[in-house]
file target_1.txt (compact mmCIF, C-alpha atoms and all ligand atoms)
# COMPACT_ATOMS: atom_id res chain seq x y z
CA MET N 13 0.00 0.00 0.00
CA LYS N 14 2.73 2.38 0.99
CA LEU N 15 4.58 1.71 -2.21
CA ARG N 16 1.63 2.70 -4.31
CA SER N 17 1.01 5.85 -2.37
CA ARG N 18 4.67 6.78 -2.87
CA SER N 19 4.28 6.90 -6.62
CA LYS N 20 0.98 8.70 -6.34
CA THR N 21 2.61 11.37 -4.23
CA SER N 22 5.26 12.00 -6.82
CA LYS N 23 2.58 12.22 -9.49
CA VAL N 24 0.74 14.85 -7.47
CA LYS N 25 3.92 16.85 -7.25
CA GLY N 26 4.15 16.90 -11.03
CA VAL N 27 0.54 17.96 -11.28
CA LYS N 28 1.03 20.98 -9.06
CA SER N 29 3.82 22.36 -11.15
CA THR N 30 1.91 21.93 -14.37
CA ARG N 31 -1.32 23.39 -13.12
CA ALA N 32 0.55 26.59 -12.58
CA SER N 33 1.42 26.61 -16.26
CA GLY N 34 -2.30 26.43 -17.04
CA LYS N 35 -2.19 23.45 -19.38
CA ALA N 36 -5.36 21.42 -19.82
CA SER N 37 -3.99 17.90 -19.70
CA VAL N 38 -2.33 17.44 -16.36
CA VAL N 39 -0.67 14.14 -17.02
CA LYS N 40 0.61 14.97 -20.47
CA THR N 41 1.96 18.34 -19.45
CA SER N 42 3.85 16.97 -16.52
CA ARG N 43 5.41 14.44 -18.83
CA ASN N 44 6.50 17.07 -21.29
CA LYS N 45 8.16 19.06 -18.58
CA ILE N 46 10.25 16.21 -17.31
CA PRO N 47 13.88 16.41 -18.32
CA ILE N 48 15.76 13.39 -19.53
CA VAL N 49 16.16 11.08 -16.62
CA LYS N 50 19.75 10.18 -17.36
CA ASN N 51 20.73 13.77 -16.59
CA LEU N 52 18.61 13.75 -13.50
CA ARG N 53 20.42 10.71 -12.24
CA LYS N 54 23.74 12.41 -12.77
CA LYS N 55 22.55 15.50 -10.93
CA LYS N 56 21.30 13.39 -8.10
CA VAL N 57 24.70 11.82 -7.66
CA SER N 58 26.53 15.12 -7.70
CA LEU N 59 24.19 16.97 -5.38
CA GLY N 60 23.47 14.09 -3.03
CA GLN N 61 20.57 14.53 -0.64
CA LYS N 62 20.10 18.21 -1.40
CA GLN N 63 18.60 17.37 -4.75
CA PRO N 64 14.80 17.70 -4.67
CA LYS N 65 12.95 14.40 -4.68
CA ARG N 66 13.52 12.55 -7.94
CA ILE N 67 10.64 11.94 -10.27
CA SER N 68 9.04 8.56 -10.33
CA HIS N 69 9.78 6.35 -13.32
CA LYS N 70 6.08 6.29 -14.02
CA GLN N 71 6.08 9.95 -14.89
CA ASN N 72 8.84 9.46 -17.34
CA LEU N 73 7.22 6.57 -19.17
CA PRO N 74 5.39 8.42 -21.91
CA GLN N 75 8.62 9.78 -23.37
CA THR N 76 9.49 6.22 -24.24
CA SER N 77 5.94 5.34 -25.17
CA LYS N 78 5.79 8.11 -27.72
CA ILE N 79 8.57 6.48 -29.65
CA ARG N 80 7.44 2.95 -29.19
CA HIS N 81 3.81 3.53 -30.04
CA LYS N 82 4.57 5.27 -33.31
CA SER N 83 3.08 2.46 -35.33
CA LYS N 84 0.12 1.85 -33.03
CA LYS N 85 -3.37 3.04 -33.77
CA LYS N 86 -4.97 5.72 -31.63
CA SER N 87 -7.50 3.27 -30.23
CA GLU N 88 -4.73 0.93 -29.14
CA LEU N 89 -2.91 3.80 -27.49
CA LYS N 90 -6.02 4.79 -25.61
CA LYS N 91 -6.50 1.26 -24.41
CA THR N 92 -2.94 1.08 -23.11
CA GLU N 93 -3.39 4.35 -21.26
CA GLU N 94 -6.60 3.06 -19.69
CA GLU N 95 -5.01 -0.24 -18.74
CA LYS N 96 -2.11 1.58 -17.18
CA ASP N 97 -4.32 3.67 -14.97
CA SER N 98 -6.89 1.07 -14.03
CA CYS N 99 -4.86 -2.08 -13.75
CA ARG N 100 -1.44 -1.03 -12.60
CA PRO N 101 0.45 -2.40 -10.89
CA CYS N 102 -1.49 -5.67 -11.17
CA LYS N 103 -0.06 -6.73 -14.51
CA HIS N 104 -0.01 -10.47 -14.61
CA ASP N 105 -2.43 -10.79 -17.47
CA THR N 106 -0.71 -8.43 -19.89
CA ASP N 107 0.76 -9.54 -23.21
CA ALA N 108 4.27 -8.92 -21.88
CA ALA N 109 3.59 -11.13 -18.86
CA LYS N 110 2.29 -13.95 -21.04
CA LEU N 111 5.15 -13.69 -23.54
CA THR N 112 8.01 -13.54 -21.04
CA LYS N 113 6.50 -15.70 -18.28
CA TRP N 114 7.99 -13.18 -15.89
CA SER N 115 8.35 -13.54 -12.15
CA ASP N 116 7.97 -10.88 -9.48
CA VAL N 117 11.08 -9.51 -7.83
CA THR N 118 10.55 -8.01 -4.37
CA ILE N 119 12.72 -5.21 -3.05
CA LEU N 120 14.65 -7.57 -0.76
CA GLU N 121 15.24 -10.09 -3.55
CA LEU N 122 16.55 -7.34 -5.80
CA LEU N 123 18.79 -5.95 -3.07
CA GLU N 124 20.34 -9.36 -2.48
CA ILE N 125 20.96 -9.92 -6.20
CA LEU N 126 22.51 -6.47 -6.59
CA LYS N 127 24.72 -6.96 -3.53
CA GLU N 128 25.92 -10.25 -4.99
CA GLU N 129 26.62 -8.52 -8.31
CA ARG N 130 28.61 -5.82 -6.55
CA LYS N 131 30.94 -8.44 -5.16
CA HIS N 132 32.00 -9.30 -8.71
CA HIS N 133 31.71 -5.96 -10.49
CA LYS N 134 32.44 -2.56 -9.09
CA ASN N 135 29.69 -0.81 -11.00
CA VAL N 136 26.20 -2.31 -11.15
CA ASP N 137 24.51 0.93 -12.06
CA GLU N 138 22.95 -0.52 -15.19
CA GLU N 139 21.42 -3.38 -13.23
CA GLU N 140 19.64 -1.24 -10.69
CA ILE N 141 17.85 0.80 -13.33
CA CYS N 142 15.05 -0.18 -15.67
CA PRO N 143 16.34 -0.40 -19.28
CA ILE N 144 13.19 1.24 -20.62
CA CYS N 145 12.61 4.32 -18.46
CA ARG N 146 16.21 4.53 -17.15
CA CYS N 147 14.99 5.09 -13.59
CA GLU N 148 15.80 3.07 -10.50
CA LEU N 149 13.89 -0.19 -10.26
CA TYR N 150 13.11 0.47 -6.60
CA ASP N 151 13.84 4.02 -5.52
CA ASP N 152 16.82 4.45 -3.17
CA ILE N 153 17.33 0.72 -2.74
CA PHE N 154 20.88 1.24 -1.43
CA LYS N 155 19.96 4.14 0.82
CA LEU N 156 17.05 2.62 2.69
CA SER N 157 17.80 0.85 5.96
CA LEU N 158 17.56 -2.92 5.97
CA LYS N 159 14.75 -2.60 8.48
CA LYS N 160 12.77 -0.42 6.06
CA ILE N 161 13.47 -2.76 3.16
CA LYS N 162 12.28 -5.75 5.13
CA GLU N 163 9.17 -3.82 6.05
CA ILE N 164 8.41 -3.04 2.41
CA ASN N 165 9.25 -6.61 1.44
CA LYS N 166 6.75 -7.94 3.95
CA LYS N 167 4.04 -5.74 2.53
CA GLN N 168 4.93 -6.82 -1.00
CA LEU N 169 4.66 -10.48 -0.05
CA GLY N 170 1.32 -9.76 1.59
CA ASP N 171 0.06 -8.00 -1.53
CA PRO N 172 1.99 -9.34 -4.56
CA SER N 173 0.15 -6.93 -6.85
CA SER N 174 2.21 -4.15 -5.30
CA ILE N 175 5.47 -5.68 -6.58
CA ASP N 176 6.52 -3.44 -9.40
CA VAL N 177 9.68 -5.15 -10.69
CA VAL N 178 9.86 -8.30 -12.80
CA LYS N 179 12.43 -10.63 -14.27
CA PHE N 180 11.83 -12.33 -17.62
CA LYS N 181 11.93 -16.12 -17.49
CA ASP N 182 14.89 -16.81 -19.76
CA CYS N 183 16.95 -13.71 -19.02
CA LEU N 184 19.70 -13.63 -16.45
CA ASN N 185 19.19 -10.72 -14.07
CA HIS N 186 17.54 -8.36 -16.52
CA PHE N 187 14.87 -6.51 -14.58
CA TYR N 188 12.07 -4.20 -15.69
CA HIS N 189 9.24 -2.21 -14.20
CA LYS N 190 6.00 -4.02 -14.91
CA GLY N 191 4.47 -0.93 -16.45
CA CYS N 192 7.41 -0.34 -18.74
CA THR N 193 7.05 -3.75 -20.39
CA ASP N 194 3.81 -2.62 -22.04
CA PHE N 195 5.85 -0.61 -24.49
CA MET N 196 8.05 -3.53 -25.43
CA VAL N 197 5.43 -5.76 -27.03
CA GLN N 198 5.62 -5.58 -30.79
CA TYR N 199 3.43 -6.98 -33.50
CA ALA N 200 4.45 -8.61 -36.74
CA GLU N 201 1.94 -8.41 -39.55
CA GLN N 202 1.44 -11.61 -41.49
CA ASP N 203 2.14 -10.26 -44.93
CA GLY N 204 0.27 -12.19 -47.60
CA ASN N 205 0.26 -11.80 -51.35
CA SER N 206 -2.09 -8.87 -51.81
CA SER N 207 -3.05 -9.93 -55.32
CA LYS N 208 -5.02 -12.89 -53.94
CA LYS N 209 -8.33 -12.07 -52.33
CA LYS N 210 -8.31 -15.18 -50.14
CA THR N 211 -5.18 -14.13 -48.27
CA LYS N 212 -6.52 -10.70 -47.39
CA LYS N 213 -7.95 -11.97 -44.11
CA LYS N 214 -4.58 -13.39 -43.14
CA VAL N 215 -2.95 -9.98 -43.47
CA LYS N 216 -4.74 -8.90 -40.31
CA LYS N 217 -3.43 -11.79 -38.24
CA LYS N 218 -0.72 -10.57 -35.93
CA ALA N 219 2.07 -12.37 -34.13
CA GLN N 220 3.34 -10.92 -30.92
CA TYR N 221 6.87 -10.77 -29.69
CA LEU N 222 9.03 -8.94 -27.20
CA LYS N 223 12.77 -8.39 -27.39
CA CYS N 224 14.78 -7.98 -24.18
CA ALA N 225 16.37 -4.55 -24.33
CA VAL N 226 19.53 -5.85 -22.65
CA CYS N 227 20.35 -9.18 -24.28
CA SER N 228 18.05 -9.07 -27.36
CA LEU N 229 16.45 -12.39 -26.48
CA ILE N 230 13.12 -12.68 -28.27
CA TYR N 231 10.04 -13.89 -26.43
CA GLY N 232 7.05 -14.92 -28.49
CA GLU N 233 6.91 -15.29 -32.23
CA PHE N 234 8.86 -12.92 -34.36
CA ILE N 235 7.46 -13.24 -37.87
CA GLY N 236 9.53 -11.92 -40.74
CA ASN N 237 8.41 -10.59 -44.11
CA CYS N 238 9.63 -13.37 -46.38
CA PRO N 239 7.46 -13.49 -49.54
CA PRO N 240 5.53 -16.64 -50.53
CA GLY N 241 7.79 -19.52 -51.48
CA THR N 242 8.78 -23.11 -50.92
CA MET N 243 11.56 -24.79 -48.98
CA SER N 244 12.26 -28.44 -49.65
CA TRP N 245 15.02 -30.70 -48.40
CA GLU N 246 16.22 -34.23 -48.98
CA LEU N 247 18.92 -36.43 -47.50
CA TYR N 248 21.33 -37.95 -50.02
CA LYS N 249 23.37 -41.03 -49.17
CA LYS N 250 27.03 -40.96 -48.26
CA GLY N 251 29.23 -40.37 -51.31
CA GLN N 252 26.57 -38.70 -53.52
CA TYR N 253 27.15 -35.02 -52.70
CA PRO N 254 29.77 -35.09 -49.92
CA CYS N 255 30.49 -31.90 -48.01
CA GLU N 256 34.24 -31.35 -47.73
CA GLY N 257 35.38 -32.63 -44.34
CA TYR N 258 32.19 -34.68 -43.86
CA GLU N 259 32.80 -37.42 -46.42
CA LYS N 260 31.70 -40.18 -44.05
CA THR N 261 28.09 -38.97 -43.82
CA GLY N 262 25.24 -38.16 -46.14
CA THR N 263 24.27 -34.63 -47.23
CA TYR N 264 21.00 -32.74 -46.98
CA ILE N 265 20.25 -30.62 -50.03
CA ILE N 266 17.90 -27.71 -49.43
CA ASN N 267 16.07 -25.98 -52.25
CA TYR N 268 14.35 -22.63 -51.92
CA THR N 269 12.01 -21.44 -54.65
CA PHE N 270 10.36 -18.03 -54.91
CA LYS N 271 8.27 -16.98 -57.86
CA ASP N 272 8.10 -13.39 -59.08
CA GLY N 273 5.31 -11.54 -57.36
CA PHE N 274 3.77 -8.31 -56.17
CA ARG N 275 3.99 -6.77 -52.74
CA ASN N 276 2.07 -3.62 -51.90
CA GLY N 277 1.47 -3.14 -55.59
CA VAL N 278 5.16 -3.28 -56.48
CA SER N 279 6.62 -6.18 -58.43
CA TYR N 280 9.60 -8.13 -57.13
CA GLY N 281 11.82 -10.78 -58.64
CA GLY N 282 11.81 -14.37 -57.40
CA THR N 283 14.82 -16.57 -56.90
CA TYR N 284 16.03 -20.15 -56.64
CA ARG N 285 18.70 -21.16 -54.12
CA GLN N 286 20.34 -24.41 -53.11
CA ALA N 287 22.20 -25.14 -49.88
CA TYR N 288 24.04 -28.10 -48.31
CA ILE N 289 24.22 -29.49 -44.80
CA PRO N 290 26.09 -32.63 -43.71
CA ASP N 291 24.05 -35.29 -41.93
CA THR N 292 25.77 -34.89 -38.54
CA LYS N 293 24.18 -34.20 -35.15
CA GLU N 294 24.97 -30.50 -35.43
CA GLY N 295 24.01 -30.44 -39.10
CA ARG N 296 20.57 -31.87 -38.31
CA GLU N 297 20.15 -29.24 -35.58
CA VAL N 298 20.94 -26.48 -38.06
CA LEU N 299 18.56 -27.96 -40.64
CA TYR N 300 15.83 -28.16 -37.99
CA LEU N 301 16.36 -24.51 -37.10
CA LEU N 302 16.49 -23.48 -40.77
CA ILE N 303 13.09 -25.12 -41.29
CA LYS N 304 11.80 -23.21 -38.27
CA SER N 305 13.27 -19.98 -39.65
CA PHE N 306 11.54 -20.54 -42.97
CA LYS N 307 8.20 -21.14 -41.24
CA ARG N 308 8.67 -17.89 -39.30
CA LYS N 309 9.47 -16.07 -42.56
CA VAL N 310 12.87 -14.83 -41.49
CA SER N 311 15.14 -16.66 -43.95
CA PHE N 312 14.58 -14.35 -46.91
CA THR N 313 13.33 -10.85 -47.52
CA ILE N 314 12.79 -8.52 -50.46
CA GLY N 315 15.63 -6.11 -51.12
CA ASP N 316 18.53 -5.26 -53.37
CA SER N 317 20.98 -8.02 -54.21
CA VAL N 318 24.56 -7.28 -53.25
CA THR N 319 25.95 -9.92 -55.60
CA THR N 320 23.93 -9.21 -58.76
CA GLY N 321 23.01 -5.56 -58.14
CA CYS N 322 19.35 -6.29 -58.98
CA LYS N 323 16.80 -4.19 -57.14
CA ASN N 324 13.65 -5.44 -55.44
CA VAL N 325 14.38 -9.13 -55.54
CA VAL N 326 14.14 -11.98 -53.01
CA VAL N 327 17.43 -12.00 -51.05
CA TRP N 328 18.97 -13.82 -48.08
CA ASN N 329 18.06 -12.25 -44.74
CA SER N 330 21.29 -12.54 -42.70
CA ILE N 331 21.01 -16.27 -42.08
CA HIS N 332 23.99 -17.65 -43.93
CA HIS N 333 23.76 -20.85 -45.94
CA LYS N 334 26.43 -23.03 -47.47
CA THR N 335 25.69 -22.90 -51.18
CA CYS N 336 28.66 -25.07 -52.09
CA THR N 337 29.80 -28.48 -50.78
CA HIS N 338 33.48 -27.63 -51.00
CA GLY N 339 36.06 -24.85 -51.34
CA GLY N 340 35.85 -23.45 -47.81
CA ILE N 341 34.82 -19.96 -46.73
CA MET N 342 35.86 -18.28 -49.99
CA THR N 343 33.23 -20.16 -52.02
CA TYR N 344 30.55 -20.22 -49.28
CA GLY N 345 31.34 -23.91 -48.90
CA TYR N 346 32.76 -26.44 -46.47
CA PRO N 347 35.01 -26.82 -44.53
CA ASP N 348 34.24 -23.91 -42.21
CA ALA N 349 34.95 -24.72 -38.57
CA THR N 350 32.73 -22.02 -37.05
CA TYR N 351 29.83 -22.10 -39.54
CA PHE N 352 27.35 -24.05 -37.42
CA ASN N 353 27.88 -21.80 -34.41
CA ARG N 354 27.61 -18.66 -36.50
CA VAL N 355 24.42 -19.65 -38.25
CA LYS N 356 22.84 -20.71 -34.94
CA LEU N 357 23.63 -17.28 -33.51
CA GLU N 358 22.20 -15.60 -36.59
CA MET N 359 18.97 -17.53 -36.12
CA ALA N 360 18.91 -16.91 -32.36
CA ASP N 361 19.06 -13.20 -33.10
CA LYS N 362 15.75 -13.61 -34.92
CA GLY N 363 14.26 -15.60 -32.05
CA ILE N 364 14.83 -19.01 -33.63
CA LEU N 365 16.05 -21.30 -30.88
CA LEU N 366 15.65 -24.88 -29.84
CA GLU N 367 12.89 -25.02 -27.29
CA GLN N 368 12.23 -27.57 -24.60
CA GLY N 369 10.94 -30.83 -25.98
CA GLU N 370 12.22 -30.21 -29.50
CA ASP N 371 14.46 -32.93 -30.88
CA PRO N 372 16.33 -31.89 -34.03
CA ASP N 373 17.63 -35.44 -34.45
CA ASN N 374 14.13 -36.37 -35.54
CA VAL N 375 14.18 -34.00 -38.51
CA SER N 376 12.68 -35.80 -41.50
CA LYS N 377 14.91 -37.11 -44.29
CA LYS N 378 12.76 -35.47 -46.91
CA GLY N 379 10.19 -32.69 -46.68
CA SER N 380 8.73 -29.51 -48.07
CA ILE N 381 7.09 -26.38 -46.69
CA THR N 382 5.25 -23.67 -48.52
CA ILE N 383 4.63 -20.25 -47.00
CA ARG N 384 1.99 -17.95 -48.38
ZN ZN W 401 10.87 1.43 -16.01
ZN ZN W 402 17.59 -10.24 -21.31

call {"tool": "encode", "arguments": {"input": "target_1.txt", "output": "structure tokens"}}
result
Amino acid sequence: MKLRSRSKTSKVKGVKSTRASGKASVVKTSRNKIPIVKNLRKKKVSLGQKQPKRISHKQNLPQTSKIRHKSKKKSELKKTEEEKDSCRPCKHDTDAAKLTKWSDVTILELLEILKEERKHHKNVDEEEICPICRCELYDDIFKLSLKKIKEINKKQLGDPSSIDVVKFKDCLNHFYHKGCTDFMVQYAEQDGNSSKKKTKKKVKKKAQYLKCAVCSLIYGEFIGNCPPGTMSWELYKKGQYPCEGYEKTGTYIINYTFKDGFRNGVSYGGTYRQAYIPDTKEGREVLYLLIKSFKRKVSFTIGDSVTTGCKNVVVWNSIHHKTCTHGGIMTYGYPDATYFNRVKLEMADKGILLEQGEDPDNVSKKGSITIR
């Protein structure tokens, strides 16, 4: 209870100052008047306790939201504003909560983690602030007495909805304010071929994802903008198309086919590509992830080809393939000692990872997928 009233108090302070300026919208005006928090933090350090009470992170939020909501409709914006006022800080049913499967972090838990961090690193400044609003996760966490912290902690445990800091499930010690995570959820439009009437409905379907601002880990489904096409693959026996350095195993040959098409009324050129993967444990894992990447539409995009100079054609989308069985790095072929690791990182950057229960060893010997 006390925690909530603390933030309310700081809000009221902002209101007073803006009312004097005679602006109609109290909340908005106070936001506009707030200087960049980074500078405030610096000031606070230099002036110590004499500095007037720091603004709450909640007041600073809209500066970030303005940028992040650029692509959102007005109605969506309104809804978020309403949710923020009515539901906060009870946020366990938000999209961000569902995507990241976050857990609450009480003030005492955070203090213990930060103290532990301080043992190993001298400066943990970045860990005690929220990456979105750049304000302290819990105000004055290192200045409050342990007695006070335990008191707040007890209240938080008694009323978990008052816990305002969360940790995403798969991130290591990356903390956020619950409210700030609202601005991190992004939507990927399922882009269909606009020339076909049937696919028009699909265009509206949205996939949600959230990218950790610290480590770039993607939660949810990031859907790319790869145009309609087909990926097929087949395992060839040992000796038929051997990859250099992997002569004792078979080889998977992947074929990608994209027809010419139209996107947003503009024509683009299709392409045909072939790639090779040896039938090893790591090779099968990469193939499995490449199939997943294709399904998520992140393997290709429409752009200008660096190699041919053609404009508006289907091109690779930063997930490198081996288009030759031999010749090494110079010919985009094997051997290449770090290729599997590199391509896995490239896919991870687009949110393509092995998830629990997935067994890439079971990847089929022959298959085909078509995306529309
Ligand atoms: Zn924040
Ligand atoms: Zn993270």

call {"tool": "residues_around", "arguments": {"input": "target_1.txt", "residues": "Gly340 in chain N", "least_positions_apart": "3", "cutoff": "12 Å", "atoms": "only C-alpha atoms", "output": "list in words"}}
result
Cys255, Glu256, Gly257, Lys334, Thr335, Cys336, Thr337, Thr343, Tyr344, Gly345, Tyr346, Pro347, Asp348, Ala349, Thr350 and Tyr351 of chain N

call {"tool": "atom_distance", "arguments": {"input": "target_1.txt", "atom1": "CA of Tyr258 in chain N", "atom2": "CA of Arg296 in chain N"}}
result
13.2 Å

call {"tool": "residues_near_ligand", "arguments": {"input": "target_1.txt", "ligand": "ligand ZN 402 (chain W)", "cutoff": "8 Å", "atoms": "all atoms listed in the file", "output": "compact mmCIF listing (two decimals) with C-alpha atoms, in the frame of the given file"}}
result
# COMPACT_ATOMS: atom_id res chain seq x y z
CA PHE N 180 11.83 -12.33 -17.62
CA ASP N 182 14.89 -16.81 -19.76
CA CYS N 183 16.95 -13.71 -19.02
CA LEU N 184 19.70 -13.63 -16.45
CA ASN N 185 19.19 -10.72 -14.07
CA HIS N 186 17.54 -8.36 -16.52
CA LYS N 223 12.77 -8.39 -27.39
CA CYS N 224 14.78 -7.98 -24.18
CA ALA N 225 16.37 -4.55 -24.33
CA VAL N 226 19.53 -5.85 -22.65
CA CYS N 227 20.35 -9.18 -24.28
CA SER N 228 18.05 -9.07 -27.36
CA LEU N 229 16.45 -12.39 -26.48

call {"tool": "atom_distance", "arguments": {"input": "target_1.txt", "atom1": "CA of Lys162 in chain N", "atom2": "CA of Leu149 in chain N"}}
result
16.4 Å

call {"tool": "residues_around", "arguments": {"input": "target_1.txt", "residues": "Ile331 in chain N", "least_positions_apart": "5", "cutoff": "8 Å", "atoms": "all atoms listed in the file", "output": "mmCIF file with C-alpha atoms, in the coordinates of the input"}}
result
data_model
loop_
_atom_site.group_PDB
_atom_site.id
_atom_site.type_symbol
_atom_site.label_atom_id
_atom_site.label_comp_id
_atom_site.auth_asym_id
_atom_site.auth_seq_id
_atom_site.Cartn_x
_atom_site.Cartn_y
_atom_site.Cartn_z
ATOM 1 C CA SER N 311 15.140 -16.660 -43.950
ATOM 2 C CA VAL N 355 24.420 -19.650 -38.250
ATOM 3 C CA GLU N 358 22.200 -15.600 -36.590
ATOM 4 C CA MET N 359 18.970 -17.530 -36.120
#

call {"tool": "residues_around", "arguments": {"input": "target_1.txt", "residues": "Gly262 in chain N", "least_positions_apart": "2", "cutoff": "7 Å", "atoms": "only C-alpha atoms", "output": "PyMOL selection string"}}
result
chain N and resi 247-251+254+264+290-291

call {"tool": "closest_residue", "arguments": {"input": "target_1.txt", "among": "N:Lys179, N:Lys190, N:His333, N:Lys304", "to": "ligand ZN 401 (chain W)", "atoms": "all atoms listed in the file"}}
result
N:Lys190

call {"tool": "atom_distance", "arguments": {"input": "target_1.txt", "atom1": "CA of Thr283 in chain N", "atom2": "CA of Phe270 in chain N"}}
result
5.1 Å

call {"tool": "closest_residue", "arguments": {"input": "target_1.txt", "among": "N:Leu156, N:Cys192, N:Val178, N:Leu111", "to": "ligand ZN 401 (chain W)", "atoms": "all atoms listed in the file"}}
result
N:Cys192

call {"tool": "residues_around", "arguments": {"input": "target_1.txt", "residues": "range 278-281 of chain N", "least_positions_apart": "6", "cutoff": "10 Å", "atoms": "all atoms listed in the file", "output": "list in words"}}
result
Pro239, Phe270, Lys271, Asp272, Ile314, Gly315, Cys322, Lys323, Asn324, Val325, Val326 and Val327 of chain N

call {"tool": "closest_residue", "arguments": {"input": "target_1.txt", "among": "N:Glu233, N:Ser317, N:Asp116, N:Tyr288", "to": "Gln168 in chain N", "atoms": "all atoms listed in the file"}}
result
N:Asp116

call {"tool": "closest_residue", "arguments": {"input": "target_1.txt", "among": "N:Cys145, N:Ile125, N:Ile119, N:Ile303", "to": "ligand ZN 401 (chain W)", "atoms": "all atoms listed in the file"}}
result
N:Cys145

call {"tool": "residues_around", "arguments": {"input": "target_1.txt", "residues": "Phe352 in chain N", "least_positions_apart": "4", "cutoff": "10 Å", "atoms": "all atoms listed in the file", "output": "PyMOL selection string"}}
result
chain N and resi 289+294-295+297-298+332-333+348+356-358

call {"tool": "write_last_selection", "arguments": {"input": "target_1.txt", "atoms": "C-alpha atoms", "output": "PDB file, in the frame of the given file"}}
result
ATOM      1  CA  ILE N 289      24.220 -29.490 -44.800  1.00  0.00           C
ATOM      2  CA  GLU N 294      24.970 -30.500 -35.430  1.00  0.00           C
ATOM      3  CA  GLY N 295      24.010 -30.440 -39.100  1.00  0.00           C
ATOM      4  CA  GLU N 297      20.150 -29.240 -35.580  1.00  0.00           C
ATOM      5  CA  VAL N 298      20.940 -26.480 -38.060  1.00  0.00           C
ATOM      6  CA  HIS N 332      23.990 -17.650 -43.930  1.00  0.00           C
ATOM      7  CA  HIS N 333      23.760 -20.850 -45.940  1.00  0.00           C
ATOM      8  CA  ASP N 348      34.240 -23.910 -42.210  1.00  0.00           C
ATOM      9  CA  LYS N 356      22.840 -20.710 -34.940  1.00  0.00           C
ATOM     10  CA  LEU N 357      23.630 -17.280 -33.510  1.00  0.00           C
ATOM     11  CA  GLU N 358      22.200 -15.600 -36.590  1.00  0.00           C
TER      12      GLU N 358
END

call {"tool": "closest_residue", "arguments": {"input": "target_1.txt", "among": "N:Ser115, N:Tyr188, N:Lys181, N:Lys167", "to": "Pro143 in chain N", "atoms": "all atoms listed in the file"}}
result
N:Tyr188

call {"tool": "closest_residue", "arguments": {"input": "target_1.txt", "among": "N:Gly170, N:Gly277, N:Gly191, N:Gly232", "to": "ligand ZN 401 (chain W)", "atoms": "all atoms listed in the file"}}
result
N:Gly191

call {"tool": "axis_aligned_box", "arguments": {"input": "target_1.txt", "around": "range 112-126 of chain N", "padding_each_side": "8 Å", "output": "AutoDock Vina command-line options"}}
result
--center_x 14.5 --center_y -10.5 --center_z -10.9 --size_x 32.0 --size_y 26.5 --size_z 36.3
